[in-house]
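Asks: For reference, this is final01.txt, and it has compact mmCIF, C-alpha atoms.
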```txt
# COMPACT_ATOMS: atom_id res chain seq x y z
CA GLY V 9 99.19 117.64 110.73
CA GLN V 10 99.27 116.78 107.09
CA ASN V 11 98.28 119.20 104.38
CA ILE V 12 98.92 119.64 100.68
CA ASP V 13 98.01 122.73 98.67
CA GLN V 14 97.81 123.17 94.91
CA PRO V 15 96.12 125.79 92.72
CA THR V 16 92.65 124.67 91.72
CA GLU V 17 92.79 125.55 88.04
CA MET V 18 95.29 126.78 85.49
CA THR V 19 94.99 127.64 81.81
CA ALA V 20 97.79 127.69 79.27
CA THR V 21 98.25 127.78 75.52
CA GLU V 22 99.36 124.92 73.31
CA GLY V 23 103.14 124.96 72.90
CA ALA V 24 103.70 126.98 76.07
CA ILE V 25 105.34 126.03 79.38
CA VAL V 26 103.34 125.75 82.59
CA GLN V 27 104.46 125.27 86.20
CA ILE V 28 102.11 123.69 88.73
CA ASN V 29 103.10 124.31 92.34
CA CYS V 30 102.53 122.15 95.38
CA THR V 31 103.25 122.95 99.02
CA TYR V 32 103.02 120.34 101.70
CA GLN V 33 103.28 119.56 105.40
CA THR V 34 103.55 115.93 106.31
CA SER V 35 104.44 113.61 109.19
CA GLY V 36 107.47 111.76 107.97
CA PHE V 37 108.53 112.11 104.36
CA ASN V 38 109.30 109.33 101.94
CA GLY V 39 108.93 111.23 98.74
CA LEU V 40 106.70 113.39 96.60
CA PHE V 41 104.77 112.06 93.62
CA TRP V 42 102.97 113.64 90.71
CA TYR V 43 100.09 111.92 88.97
CA GLN V 44 98.07 112.87 85.91
CA GLN V 45 94.36 112.15 85.77
CA HIS V 46 92.20 112.66 82.72
CA ALA V 47 88.50 113.16 83.37
CA GLY V 48 86.77 109.86 84.15
CA GLU V 49 90.02 107.91 84.13
CA ALA V 50 92.42 106.58 86.75
CA PRO V 51 95.47 108.55 87.90
CA THR V 52 98.73 107.61 86.20
CA PHE V 53 102.18 108.09 87.70
CA LEU V 54 104.31 110.90 86.27
CA SER V 55 107.26 111.49 88.58
CA TYR V 56 108.84 110.94 91.97
CA ASN V 57 111.24 113.12 93.98
CA VAL V 58 112.79 112.22 97.31
CA LEU V 59 115.94 114.36 97.17
CA ASP V 60 116.12 118.09 96.53
CA GLY V 61 116.49 119.11 92.93
CA LEU V 62 115.06 118.64 89.50
CA GLU V 63 114.06 115.37 87.88
CA GLU V 64 113.53 115.53 84.13
CA LYS V 65 111.49 113.10 82.09
CA GLY V 66 110.89 114.18 78.52
CA ARG V 67 108.50 117.14 78.42
CA PHE V 68 107.80 116.82 82.16
CA SER V 69 110.13 117.86 85.00
CA SER V 70 109.54 117.87 88.73
CA PHE V 71 111.36 119.84 91.39
CA LEU V 72 111.55 119.35 95.14
CA SER V 73 112.75 121.48 98.03
CA ARG V 74 112.34 119.53 101.25
CA SER V 75 113.36 122.43 103.49
CA LYS V 76 110.61 124.57 102.00
CA GLY V 77 108.00 121.82 101.71
CA TYR V 78 107.63 122.75 98.06
CA SER V 79 107.47 121.01 94.73
CA TYR V 80 106.53 121.93 91.21
CA LEU V 81 105.70 120.08 88.02
CA LEU V 82 106.91 121.74 84.84
CA LEU V 83 105.24 120.85 81.57
CA LYS V 84 106.95 122.01 78.37
CA GLU V 85 105.67 122.19 74.79
CA LEU V 86 102.11 121.81 75.98
CA GLN V 87 99.80 119.67 73.92
CA MET V 88 96.01 119.51 73.94
CA LYS V 89 96.20 116.02 75.45
CA ASP V 90 97.89 117.53 78.54
CA SER V 91 94.51 118.91 79.59
CA ALA V 92 93.94 116.95 82.78
CA SER V 93 94.12 117.15 86.54
CA TYR V 94 97.56 116.98 88.11
CA LEU V 95 97.74 115.51 91.58
CA CYS V 96 100.60 116.06 93.98
CA ALA V 97 100.94 113.34 96.65
CA THR V 98 103.31 112.80 99.54
CA SER V 99 104.33 109.46 100.95
CA GLY V 100 104.44 109.93 104.69
CA THR V 101 105.09 107.63 107.60
CA TYR V 102 102.00 105.54 107.04
CA LYS V 103 100.30 106.47 103.82
CA TYR V 104 99.93 108.56 100.73
CA ILE V 105 98.22 111.92 101.01
CA PHE V 106 96.89 113.44 97.79
CA GLY V 107 96.58 117.14 97.20
CA THR V 108 93.36 118.65 95.89
CA GLY V 109 94.64 118.51 92.31
CA THR V 110 95.14 121.20 89.70
CA ARG V 111 92.88 121.15 86.63
CA LEU V 112 94.92 122.27 83.65
CA LYS V 113 93.19 123.47 80.50
CA VAL V 114 95.31 123.73 77.37
CA LEU V 115 93.90 126.08 74.77
CA ALA V 116 94.63 125.97 71.05
CA ASP N 15 101.76 92.73 82.97
CA THR N 16 101.63 96.21 84.49
CA GLU N 17 97.91 96.45 84.83
CA VAL N 18 95.41 96.70 87.64
CA THR N 19 91.98 95.52 86.58
CA GLN N 20 88.66 96.28 88.23
CA THR N 21 85.21 94.85 87.73
CA PRO N 22 82.55 95.89 87.15
CA LYS N 23 83.18 99.18 85.33
CA HIS N 24 79.76 100.49 86.26
CA LEU N 25 77.40 99.46 89.04
CA VAL N 26 73.95 100.70 89.92
CA MET N 27 72.55 99.40 93.16
CA GLY N 28 69.68 100.11 95.46
CA MET N 29 70.19 101.00 99.08
CA THR N 30 69.19 97.54 100.28
CA ASN N 31 71.38 95.58 97.85
CA LYS N 32 74.61 93.77 98.57
CA LYS N 33 77.31 93.88 95.90
CA SER N 34 81.07 93.47 95.64
CA LEU N 35 83.79 95.26 93.71
CA LYS N 36 86.76 93.26 92.54
CA CYS N 37 90.35 94.30 91.90
CA GLU N 38 93.18 92.21 90.51
CA GLN N 39 96.91 92.69 89.86
CA HIS N 40 99.63 90.28 88.81
CA MET N 41 102.66 92.50 89.26
CA GLY N 42 103.71 90.87 92.53
CA HIS N 43 102.78 94.01 94.44
CA ARG N 44 102.33 93.50 98.17
CA ALA N 45 100.30 96.60 99.00
CA MET N 46 96.78 97.21 97.72
CA TYR N 47 94.47 100.15 98.27
CA TRP N 48 90.88 101.25 97.96
CA TYR N 49 90.11 104.90 97.21
CA LYS N 50 86.86 106.78 96.79
CA GLN N 51 86.77 109.70 94.39
CA LYS N 52 83.99 112.23 93.96
CA ALA N 53 83.80 114.45 90.88
CA LYS N 54 86.50 117.13 90.73
CA LYS N 55 88.02 115.93 93.99
CA PRO N 56 91.22 113.98 94.68
CA PRO N 57 91.11 110.30 95.61
CA GLU N 58 90.32 109.70 99.29
CA LEU N 59 92.03 106.75 100.87
CA MET N 60 89.67 104.17 102.37
CA PHE N 61 91.70 101.04 103.11
CA VAL N 62 95.25 99.74 102.75
CA TYR N 63 96.32 96.12 102.73
CA SER N 64 99.96 95.31 103.23
CA TYR N 65 101.02 91.69 102.74
CA GLU N 66 97.34 90.72 102.74
CA LYS N 67 96.69 92.26 106.16
CA LEU N 68 94.57 95.33 106.70
CA SER N 69 96.98 98.03 107.80
CA ILE N 70 94.90 101.17 107.41
CA ASN N 71 91.16 101.81 107.73
CA GLU N 72 90.44 105.49 107.34
CA SER N 73 87.40 105.41 109.62
CA VAL N 74 85.27 104.08 106.79
CA PRO N 75 81.62 103.21 107.64
CA SER N 76 81.01 99.53 108.23
CA ARG N 77 78.72 99.33 105.19
CA PHE N 78 82.02 99.07 103.28
CA SER N 79 83.91 95.88 104.02
CA PRO N 80 87.25 95.08 102.38
CA GLU N 81 88.72 91.65 101.82
CA CYS N 82 92.13 90.57 100.54
CA PRO N 83 92.14 86.78 100.13
CA ASN N 84 95.59 86.69 98.47
CA SER N 85 98.27 89.02 97.19
CA SER N 86 96.65 89.40 93.75
CA HIS N 87 93.03 90.07 94.64
CA LEU N 88 91.16 92.72 96.57
CA PHE N 89 87.44 93.05 97.14
CA LEU N 90 85.19 95.75 98.48
CA HIS N 91 81.89 94.39 99.78
CA LEU N 92 79.04 96.86 99.81
CA HIS N 93 75.75 96.69 101.72
CA THR N 94 72.98 99.12 102.67
CA LEU N 95 74.74 102.00 100.97
CA GLN N 96 73.51 105.58 100.88
CA PRO N 97 73.07 107.79 97.79
CA GLU N 98 76.04 109.89 98.95
CA ASP N 99 78.23 106.81 98.51
CA SER N 100 77.87 107.22 94.74
CA ALA N 101 81.40 107.83 93.45
CA LEU N 102 84.27 106.36 91.47
CA TYR N 103 85.95 103.60 93.48
CA LEU N 104 89.59 103.16 92.59
CA CYS N 105 91.83 100.25 93.42
CA ALA N 106 95.59 100.70 93.42
CA SER N 107 98.64 98.59 94.14
CA SER N 108 102.29 99.29 94.87
CA GLN N 109 105.42 97.23 95.18
CA GLY N 110 105.84 97.89 98.87
CA ALA N 111 103.77 99.00 101.78
CA THR N 112 102.80 102.56 102.54
CA GLY N 113 105.40 104.84 103.95
CA THR N 114 107.78 103.83 101.22
CA SER N 115 108.89 105.28 97.95
CA TYR N 116 106.86 103.21 95.53
CA GLU N 117 104.46 104.67 93.02
CA GLN N 118 100.93 103.39 92.94
CA TYR N 119 99.34 101.79 89.93
CA PHE N 120 95.65 102.51 89.64
CA GLY N 121 92.88 100.48 88.09
CA PRO N 122 90.29 102.15 85.84
CA GLY N 123 87.78 102.31 88.66
CA THR N 124 84.19 101.25 89.24
CA ARG N 125 81.60 103.99 88.77
CA LEU N 126 79.05 103.31 91.51
CA THR N 127 75.57 104.81 91.59
CA VAL N 128 73.37 104.20 94.61
CA THR N 129 69.67 104.78 93.98
```
The structure in this file should be written as structure tokens.

Replies:
Amino acid sequence: GQNIDQPTEMTATEGAIVQINCTYQTSGFNGLFWYQQHAGEAPTFLSYNVLDGLEEKGRFSSFLSRSKGYSYLLLKELQMKDSASYLCATSGTYKYIFGTGTRLKVLA
Amino acid sequence: DTEVTQTPKHLVMGMTNKKSLKCEQHMGHRAMYWYKQKAKKPPELMFVYSYEKLSINESVPSRFSPECPNSSHLFLHLHTLQPEDSALYLCASSQGATGTSYEQYFGPGTRLTVT
């Protein structure tokens, strides 16, 4: 079957570092994506991993371990505007599967 | 142009109405998607078009009918909807078909309310 798990909610302080985890089981694997979605808005693409290791993009980094079915999104130097939902998604044999999303609240 | 546009932004319709949602992209993407999203939930895939052919229908009720007349346009025709169909309907596109490594670009969505 196909399944993706993420924590439902996380809270962190402005300026801090937060790690959002994602575990997955999927039929076929063509990569793992992270999207950011602010309330009432469309998801926007953040990162893509298909090989094991860390991909860094400014304040955001994403890590993948295919053998463990595990990924994380690391957000550094948190800003208030980072308060949003973060969706992990896998690209399988036929389609994208989105995780349940993690709602991140950044506190001043 | 890296934008997916959707119209209308908001739609209120009665259960006996017929309406259509429109999606447009001019990025040359060959895969287009319809998603339904309820509050505080992730997007749920409804339909996928690949090279203008329906490739995935996620067992969506027949009161939702998709159409892809060309590679730039996607429609979702709605008729005799139920109040539980009220949701945000998102359109997305990607460079290649599903099962590949392309990110999806999402439109802003249509907020649908069925009364």

Asks: Compile the contact shell of Cys96 (chain V) as a list in words: residues with an atom at most 9 Å away, counting only C-alpha atoms, same-chain residues fewer than 4 positions apart removed.

Replies: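 Surrounding residues, per the criterion: Ile12, Asp13, Gln14, Asn29, Cys30, Thr31, Leu40, Phe41, Trp42, Tyr43, Ser79, Tyr80, Leu81, Ile105, Phe106, Gly107, Thr108, Gly109 and Thr110 of chain V.
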
Asks: Quick one: everything within 10 Å of Thr129 (chain N), counting all atoms listed in the file, minus sequence neighbours fewer than 4 positions away in the same chain. Send it as an mmCIF file with C-alpha atoms, keeping the file's coordinate frame.

Replies:
```
data_model
loop_
_atom_site.group_PDB
_atom_site.id
_atom_site.type_symbol
_atom_site.label_atom_id
_atom_site.label_comp_id
_atom_site.auth_asym_id
_atom_site.auth_seq_id
_atom_site.Cartn_x
_atom_site.Cartn_y
_atom_site.Cartn_z
ATOM 1 C CA VAL N 26 73.950 100.700 89.920
ATOM 2 C CA MET N 27 72.550 99.400 93.160
ATOM 3 C CA GLY N 28 69.680 100.110 95.460
ATOM 4 C CA MET N 29 70.190 101.000 99.080
ATOM 5 C CA THR N 30 69.190 97.540 100.280
ATOM 6 C CA LEU N 95 74.740 102.000 100.970
ATOM 7 C CA GLN N 96 73.510 105.580 100.880
ATOM 8 C CA PRO N 97 73.070 107.790 97.790
ATOM 9 C CA GLU N 98 76.040 109.890 98.950
ATOM 10 C CA ASP N 99 78.230 106.810 98.510
ATOM 11 C CA SER N 100 77.870 107.220 94.740
#
```

Asks: Between CA of Thr98 (chain V) and CA of Ser73 (chain V), what is the distance in Å, rounded to a tenth?

Replies: 12.9 Å

Asks: Got a sec: who's within 9 Å of Gln44 (chain V), counting only C-alpha atoms, leaving out chain neighbours fewer than 6 positions off, as an MDAnalysis selection string?

Replies: chainID V and resid 50:54 90 92:95

Asks: Leaving out region 24-26 of chain V and any residue of its chain fewer than 6 positions from it, which residues lie within 10 Å of it when counting only C-alpha atoms, given as a list in words?

Replies: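 Counting only the stated atoms, we get Met18, Arg67, Phe68, Tyr80, Leu81, Leu82, Leu83, Lys84, Glu85, Leu86, Gln87, Leu112, Val114 and Leu115 of chain V.
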
Asks: Set the cut-off to 8 Å and count all atoms listed in the file: what are the residues of chain N that reach chain V? Output as a list in words.

Replies: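 Close enough to count are Lys55, Pro56, Pro57, Glu58, Leu104, Thr112, Gly113, Thr114, Ser115, Glu117, Gln118, Tyr119, Phe120, Gly121, Pro122 and Gly123 of chain N.
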
Asks: Between N:Met46, N:Val62, N:Val128, N:Ala53, which has the minimum distance to Leu92 (chain N) (counting all atoms listed in the file)?

Replies: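 Using all atoms listed in the file, the shortest distance to Leu92 (chain N) belongs to N:Val128.
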
Asks: If you keep N, CA, C and O atoms, can you output region 25-53 of chain V as a PDB file, in the first residue's frame?

Replies:
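Writing the result to selection_19.pdb gives the following:
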```pdb
ATOM      1  N   ILE V  25      15.542  26.726  14.711  1.00  0.00           N
ATOM      2  CA  ILE V  25      15.597  25.717  13.658  1.00  0.00           C
ATOM      3  C   ILE V  25      14.525  24.673  13.962  1.00  0.00           C
ATOM      4  O   ILE V  25      14.341  24.272  15.124  1.00  0.00           O
ATOM      5  N   VAL V  26      13.812  24.229  12.935  1.00  0.00           N
ATOM      6  CA  VAL V  26      12.811  23.187  13.150  1.00  0.00           C
ATOM      7  C   VAL V  26      12.976  22.101  12.088  1.00  0.00           C
ATOM      8  O   VAL V  26      13.340  22.384  10.939  1.00  0.00           O
ATOM      9  N   GLN V  27      12.735  20.867  12.495  1.00  0.00           N
ATOM     10  CA  GLN V  27      12.837  19.724  11.574  1.00  0.00           C
ATOM     11  C   GLN V  27      11.475  19.043  11.497  1.00  0.00           C
ATOM     12  O   GLN V  27      10.928  18.622  12.520  1.00  0.00           O
ATOM     13  N   ILE V  28      10.950  18.932  10.300  1.00  0.00           N
ATOM     14  CA  ILE V  28       9.651  18.281  10.086  1.00  0.00           C
ATOM     15  C   ILE V  28       9.920  16.945   9.414  1.00  0.00           C
ATOM     16  O   ILE V  28      10.504  16.887   8.331  1.00  0.00           O
ATOM     17  N   ASN V  29       9.494  15.877  10.070  1.00  0.00           N
ATOM     18  CA  ASN V  29       9.766  14.522   9.576  1.00  0.00           C
ATOM     19  C   ASN V  29       8.626  13.974   8.732  1.00  0.00           C
ATOM     20  O   ASN V  29       7.461  14.354   8.902  1.00  0.00           O
ATOM     21  N   CYS V  30       8.997  13.059   7.854  1.00  0.00           N
ATOM     22  CA  CYS V  30       8.014  12.407   6.981  1.00  0.00           C
ATOM     23  C   CYS V  30       8.478  10.973   6.759  1.00  0.00           C
ATOM     24  O   CYS V  30       9.632  10.750   6.392  1.00  0.00           O
ATOM     25  N   THR V  31       7.604  10.022   7.022  1.00  0.00           N
ATOM     26  CA  THR V  31       7.907   8.627   6.705  1.00  0.00           C
ATOM     27  C   THR V  31       6.894   8.156   5.678  1.00  0.00           C
ATOM     28  O   THR V  31       5.737   8.577   5.686  1.00  0.00           O
ATOM     29  N   TYR V  32       7.366   7.285   4.784  1.00  0.00           N
ATOM     30  CA  TYR V  32       6.486   6.911   3.684  1.00  0.00           C
ATOM     31  C   TYR V  32       6.653   5.456   3.294  1.00  0.00           C
ATOM     32  O   TYR V  32       7.703   4.837   3.528  1.00  0.00           O
ATOM     33  N   GLN V  33       5.589   4.923   2.698  1.00  0.00           N
ATOM     34  CA  GLN V  33       5.622   3.622   2.020  1.00  0.00           C
ATOM     35  C   GLN V  33       4.921   3.850   0.700  1.00  0.00           C
ATOM     36  O   GLN V  33       3.807   4.386   0.681  1.00  0.00           O
ATOM     37  N   THR V  34       5.554   3.474  -0.380  1.00  0.00           N
ATOM     38  CA  THR V  34       4.954   3.749  -1.670  1.00  0.00           C
ATOM     39  C   THR V  34       5.274   2.664  -2.678  1.00  0.00           C
ATOM     40  O   THR V  34       6.307   2.010  -2.580  1.00  0.00           O
ATOM     41  N   SER V  35       4.371   2.467  -3.644  1.00  0.00           N
ATOM     42  CA  SER V  35       4.605   1.540  -4.745  1.00  0.00           C
ATOM     43  C   SER V  35       5.384   2.276  -5.814  1.00  0.00           C
ATOM     44  O   SER V  35       4.873   3.210  -6.417  1.00  0.00           O
ATOM     45  N   GLY V  36       6.609   1.856  -6.029  1.00  0.00           N
ATOM     46  CA  GLY V  36       7.449   2.607  -6.959  1.00  0.00           C
ATOM     47  C   GLY V  36       7.878   3.904  -6.297  1.00  0.00           C
ATOM     48  O   GLY V  36       7.191   4.409  -5.418  1.00  0.00           O
ATOM     49  N   PHE V  37       8.977   4.421  -6.680  1.00  0.00           N
ATOM     50  CA  PHE V  37       9.453   5.670  -6.058  1.00  0.00           C
ATOM     51  C   PHE V  37      10.193   6.486  -7.109  1.00  0.00           C
ATOM     52  O   PHE V  37      11.199   6.044  -7.656  1.00  0.00           O
ATOM     53  N   ASN V  38       9.643   7.682  -7.351  1.00  0.00           N
ATOM     54  CA  ASN V  38      10.290   8.582  -8.298  1.00  0.00           C
ATOM     55  C   ASN V  38      10.679   9.893  -7.642  1.00  0.00           C
ATOM     56  O   ASN V  38      10.927  10.870  -8.327  1.00  0.00           O
ATOM     57  N   GLY V  39      10.677   9.905  -6.334  1.00  0.00           N
ATOM     58  CA  GLY V  39      11.137  11.110  -5.670  1.00  0.00           C
ATOM     59  C   GLY V  39      10.227  11.547  -4.554  1.00  0.00           C
ATOM     60  O   GLY V  39       9.075  11.106  -4.439  1.00  0.00           O
ATOM     61  N   LEU V  40      10.754  12.404  -3.689  1.00  0.00           N
ATOM     62  CA  LEU V  40       9.993  12.943  -2.580  1.00  0.00           C
ATOM     63  C   LEU V  40      10.019  14.467  -2.660  1.00  0.00           C
ATOM     64  O   LEU V  40      11.081  15.062  -2.843  1.00  0.00           O
ATOM     65  N   PHE V  41       8.860  15.054  -2.512  1.00  0.00           N
ATOM     66  CA  PHE V  41       8.691  16.500  -2.651  1.00  0.00           C
ATOM     67  C   PHE V  41       8.218  17.103  -1.337  1.00  0.00           C
ATOM     68  O   PHE V  41       7.493  16.473  -0.574  1.00  0.00           O
ATOM     69  N   TRP V  42       8.602  18.335  -1.121  1.00  0.00           N
ATOM     70  CA  TRP V  42       8.048  19.135  -0.025  1.00  0.00           C
ATOM     71  C   TRP V  42       7.404  20.381  -0.618  1.00  0.00           C
ATOM     72  O   TRP V  42       7.984  21.047  -1.500  1.00  0.00           O
ATOM     73  N   TYR V  43       6.194  20.657  -0.105  1.00  0.00           N
ATOM     74  CA  TYR V  43       5.452  21.840  -0.510  1.00  0.00           C
ATOM     75  C   TYR V  43       5.099  22.638   0.740  1.00  0.00           C
ATOM     76  O   TYR V  43       4.878  22.087   1.815  1.00  0.00           O
ATOM     77  N   GLN V  44       4.982  23.937   0.546  1.00  0.00           N
ATOM     78  CA  GLN V  44       4.521  24.835   1.603  1.00  0.00           C
ATOM     79  C   GLN V  44       3.134  25.355   1.212  1.00  0.00           C
ATOM     80  O   GLN V  44       2.907  25.689   0.041  1.00  0.00           O
ATOM     81  N   GLN V  45       2.234  25.384   2.169  1.00  0.00           N
ATOM     82  CA  GLN V  45       0.907  25.921   1.890  1.00  0.00           C
ATOM     83  C   GLN V  45       0.464  26.841   3.010  1.00  0.00           C
ATOM     84  O   GLN V  45       0.241  26.384   4.142  1.00  0.00           O
ATOM     85  N   HIS V  46       0.317  28.132   2.677  1.00  0.00           N
ATOM     86  CA  HIS V  46      -0.245  29.065   3.633  1.00  0.00           C
ATOM     87  C   HIS V  46      -1.758  28.915   3.610  1.00  0.00           C
ATOM     88  O   HIS V  46      -2.351  28.516   2.598  1.00  0.00           O
ATOM     89  N   ALA V  47      -2.385  29.241   4.730  1.00  0.00           N
ATOM     90  CA  ALA V  47      -3.827  29.061   4.879  1.00  0.00           C
ATOM     91  C   ALA V  47      -4.575  29.773   3.755  1.00  0.00           C
ATOM     92  O   ALA V  47      -4.337  30.957   3.487  1.00  0.00           O
ATOM     93  N   GLY V  48      -5.463  29.042   3.095  1.00  0.00           N
ATOM     94  CA  GLY V  48      -6.283  29.625   2.040  1.00  0.00           C
ATOM     95  C   GLY V  48      -5.573  29.821   0.715  1.00  0.00           C
ATOM     96  O   GLY V  48      -6.149  30.387  -0.220  1.00  0.00           O
ATOM     97  N   GLU V  49      -4.322  29.376   0.640  1.00  0.00           N
ATOM     98  CA  GLU V  49      -3.573  29.551  -0.607  1.00  0.00           C
ATOM     99  C   GLU V  49      -3.199  28.197  -1.203  1.00  0.00           C
ATOM    100  O   GLU V  49      -3.391  27.148  -0.593  1.00  0.00           O
ATOM    101  N   ALA V  50      -2.650  28.223  -2.408  1.00  0.00           N
ATOM    102  CA  ALA V  50      -2.242  26.989  -3.076  1.00  0.00           C
ATOM    103  C   ALA V  50      -0.885  26.518  -2.553  1.00  0.00           C
ATOM    104  O   ALA V  50      -0.072  27.323  -2.101  1.00  0.00           O
ATOM    105  N   PRO V  51      -0.614  25.227  -2.611  1.00  0.00           N
ATOM    106  CA  PRO V  51       0.721  24.739  -2.262  1.00  0.00           C
ATOM    107  C   PRO V  51       1.771  25.265  -3.235  1.00  0.00           C
ATOM    108  O   PRO V  51       1.502  25.424  -4.432  1.00  0.00           O
ATOM    109  N   THR V  52       2.959  25.537  -2.710  1.00  0.00           N
ATOM    110  CA  THR V  52       4.075  25.940  -3.570  1.00  0.00           C
ATOM    111  C   THR V  52       5.246  24.993  -3.322  1.00  0.00           C
ATOM    112  O   THR V  52       5.511  24.586  -2.191  1.00  0.00           O
ATOM    113  N   PHE V  53       5.940  24.662  -4.366  1.00  0.00           N
ATOM    114  CA  PHE V  53       7.038  23.704  -4.335  1.00  0.00           C
ATOM    115  C   PHE V  53       8.214  24.258  -3.541  1.00  0.00           C
ATOM    116  O   PHE V  53       8.616  25.408  -3.715  1.00  0.00           O
TER     117      PHE V  53
END
```
